[in-house]
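Before any comments, here is the structure.
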Amino acid sequence: MTKVIGFHYTLKNDDGEVLDSSVGGDPTLYLTGNGQILPALGDAIETLAVGDKKSVSLSAKDGYGEVNPALKQNVKLAQFPVGTEVKPGLQSQTNQPGSPTFRVINVLGEEVFIDGNHPLAGQAVHYDIEITESREATAEELDHGHAHGPGGHHH
Ligand code: ZN
């Protein structure tokens with residue numbers, strides 16, 4: 001049965017540093033079985049009931065993946081869309097259609113060193129989870145392939 005699950009999370013790295021949190025905002029809602037959250041996180045969450053709290057630790061492999069050296073590349077400044085201010089930290093795509101998003105690590109003259117790995121690749125991550133909602137998905141949600149928040153349609 002496909003369900004809609006709502007949860008609050010606090011994401012920490014291996015040093016216990018908080019990287020992201022939904023606490024104080026809206027909980028994250030997702031439709032089970034649609035690849036909308038990390039599969040290993042879903043496996044842990046989907047055993048819980050509303051009000052349950054759990055700390056879930058994921059290895060890099062179960063989290064954002066191992067670092068793929070092939071995604072670290074040098075490209076030419078000219079490959080960026082005209083007018084882009086290319087500097088370290090920029091999240092961008094080259095002007096090749098369908099190219100993945102990457103981060104600019106460094107710029108040396110016409111050479112740009114980019115990294116297409118997720119910023120959390122290669123690290124264990126830890127989620128503190130609290131379940132706020134768990135219900136059967138509506139026909140409309142199943143049809144759309146995503147969860148609708150309170151008040152229904154938001155898109
Ligand atoms: Zn919808």
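Residue names in the structure tokens use chain letters A, B, ... in the order shown, residue numbers from 1 in each chain, and ligand numbers from 1 in the order shown.
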Using only C-alpha atoms and all ligand atoms, which protein or nucleic acid residues are at most 8 Å from ligand 1, as a tab-separated table (two decimals) with N, CA and C atoms, in the first residue's frame?
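The file below, pocket04.tsv, is the result:
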chain	number	residue	atom	x	y	z
A	140	GLU	N	-5.75	11.02	-5.92
A	140	GLU	CA	-5.12	12.14	-6.63
A	140	GLU	C	-3.60	12.12	-6.44
A	141	GLU	N	-3.16	11.83	-5.22
A	141	GLU	CA	-1.72	11.76	-4.97
A	141	GLU	C	-1.08	10.61	-5.76
A	143	ASP	N	-2.14	9.42	-8.51
A	143	ASP	CA	-2.17	9.85	-9.89
A	143	ASP	C	-1.00	10.80	-10.20
A	144	HIS	N	-0.74	11.72	-9.27
A	144	HIS	CA	0.31	12.72	-9.49
A	144	HIS	C	1.71	12.18	-9.18
A	145	GLY	N	1.78	11.11	-8.37
A	145	GLY	CA	3.09	10.58	-8.01
A	145	GLY	C	3.82	11.37	-6.94
A	146	HIS	N	3.06	12.18	-6.16
A	146	HIS	CA	3.68	12.90	-5.04
A	146	HIS	C	2.62	13.21	-3.99
A	147	ALA	N	3.07	13.58	-2.81
A	147	ALA	CA	2.17	13.89	-1.69
A	147	ALA	C	1.64	15.32	-1.80
A	148	HIS	N	0.42	15.51	-1.35
A	148	HIS	CA	-0.15	16.85	-1.25
A	148	HIS	C	-0.23	17.25	0.22
A	153	HIS	N	-3.80	20.75	-3.05
A	153	HIS	CA	-2.91	20.96	-4.16
A	153	HIS	C	-2.07	22.22	-4.03
A	154	HIS	N	-0.78	22.09	-4.19
A	154	HIS	CA	0.10	23.27	-4.05
A	154	HIS	C	0.96	23.49	-5.29
A	155	HIS	N	0.52	22.99	-6.42
A	155	HIS	CA	1.39	23.20	-7.59
A	155	HIS	C	0.59	23.43	-8.86
Quick one: which region 18-52 of chain A residues come within 9 Å of region 56-77 of chain A, and what is the nearest atom pair for each with the distance in Å to one decimal, counting only C-alpha atoms, rows ordered by chain and ascending number, as a Markdown table?
| residue | atom | partner | partner_atom | distance |
| --- | --- | --- | --- | --- |
| A:Leu38 | CA | A:Gly63 | CA | 6.7 |
| A:Pro39 | CA | A:Asp62 | CA | 7.7 |
| A:Ala40 | CA | A:Asp62 | CA | 5.9 |
| A:Leu41 | CA | A:Val56 | CA | 7.2 |
| A:Ala44 | CA | A:Val56 | CA | 7.1 |
| A:Ile45 | CA | A:Val56 | CA | 8.7 |
* Counting only C-alpha atoms, what is within 9 Å of Tyr30 (chain A), bar same-chain residues fewer than 2 positions away, as a list in words? -> Lys3, Val4, Ile5, Gly6, Phe7, Thr28, Thr32, Asn34, Gln36, Ile37, His146, Ala147 and His148 of chain A
* To do: For Glu130 (chain A), please output as a list in words all residues within 10 Å (counting only C-alpha atoms; exclusion window: fewer than 4 positions along the same chain).
  => Gly6, Phe7, His8, Tyr9, Thr10, Val23, Pro27, Ile45, Leu48, Ala49, Val50, Gly51, Asp52, Lys53, Lys54 and Ser55 of chain A
* In chain A, DSSP alpha helix (DSSP H) residues written as a ChimeraX atom specification -> /A:39-45,139-144
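Our summary of the geometry notes that CA of Thr84 (chain A) is positioned 20.8 Å from CA of Asn117 (chain A).
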* **Separation of CA of Val104 (chain A) from CA of Asp20 (chain A), in Å and rounded to one decimal** =>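 Distance reported for this atom pair: 21.4 Å.
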* Quick one: everything within 12 Å of Gly89 (chain A), counting only C-alpha atoms, minus sequence neighbours fewer than 6 positions away in the same chain. Send it as a list in words. =>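 Selected residues are Phe102, Arg103, Val104, Ile105, Asn106, Val107, Val112, Phe113, Ile114, Asp115, Gly116 and Pro119 of chain A.
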Same residues, C-alpha atoms, output as a PDB file, in the first residue's frame:
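Output file selection-v3.pdb follows:
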ATOM      1  CA  PHE A 102      28.141  20.368 -10.247  1.00  0.00           C
ATOM      2  CA  ARG A 103      29.995  22.700  -7.930  1.00  0.00           C
ATOM      3  CA  VAL A 104      32.845  24.900  -9.002  1.00  0.00           C
ATOM      4  CA  ILE A 105      35.829  24.143  -6.765  1.00  0.00           C
ATOM      5  CA  ASN A 106      38.443  26.443  -8.258  1.00  0.00           C
ATOM      6  CA  VAL A 107      39.141  28.701 -11.216  1.00  0.00           C
ATOM      7  CA  VAL A 112      37.698  25.506 -14.096  1.00  0.00           C
ATOM      8  CA  PHE A 113      37.898  22.588 -11.678  1.00  0.00           C
ATOM      9  CA  ILE A 114      34.415  21.175 -11.036  1.00  0.00           C
ATOM     10  CA  ASP A 115      33.006  18.420  -8.827  1.00  0.00           C
ATOM     11  CA  GLY A 116      29.721  16.738  -9.750  1.00  0.00           C
ATOM     12  CA  PRO A 119      28.381  17.687  -1.347  1.00  0.00           C
TER      13      PRO A 119
END
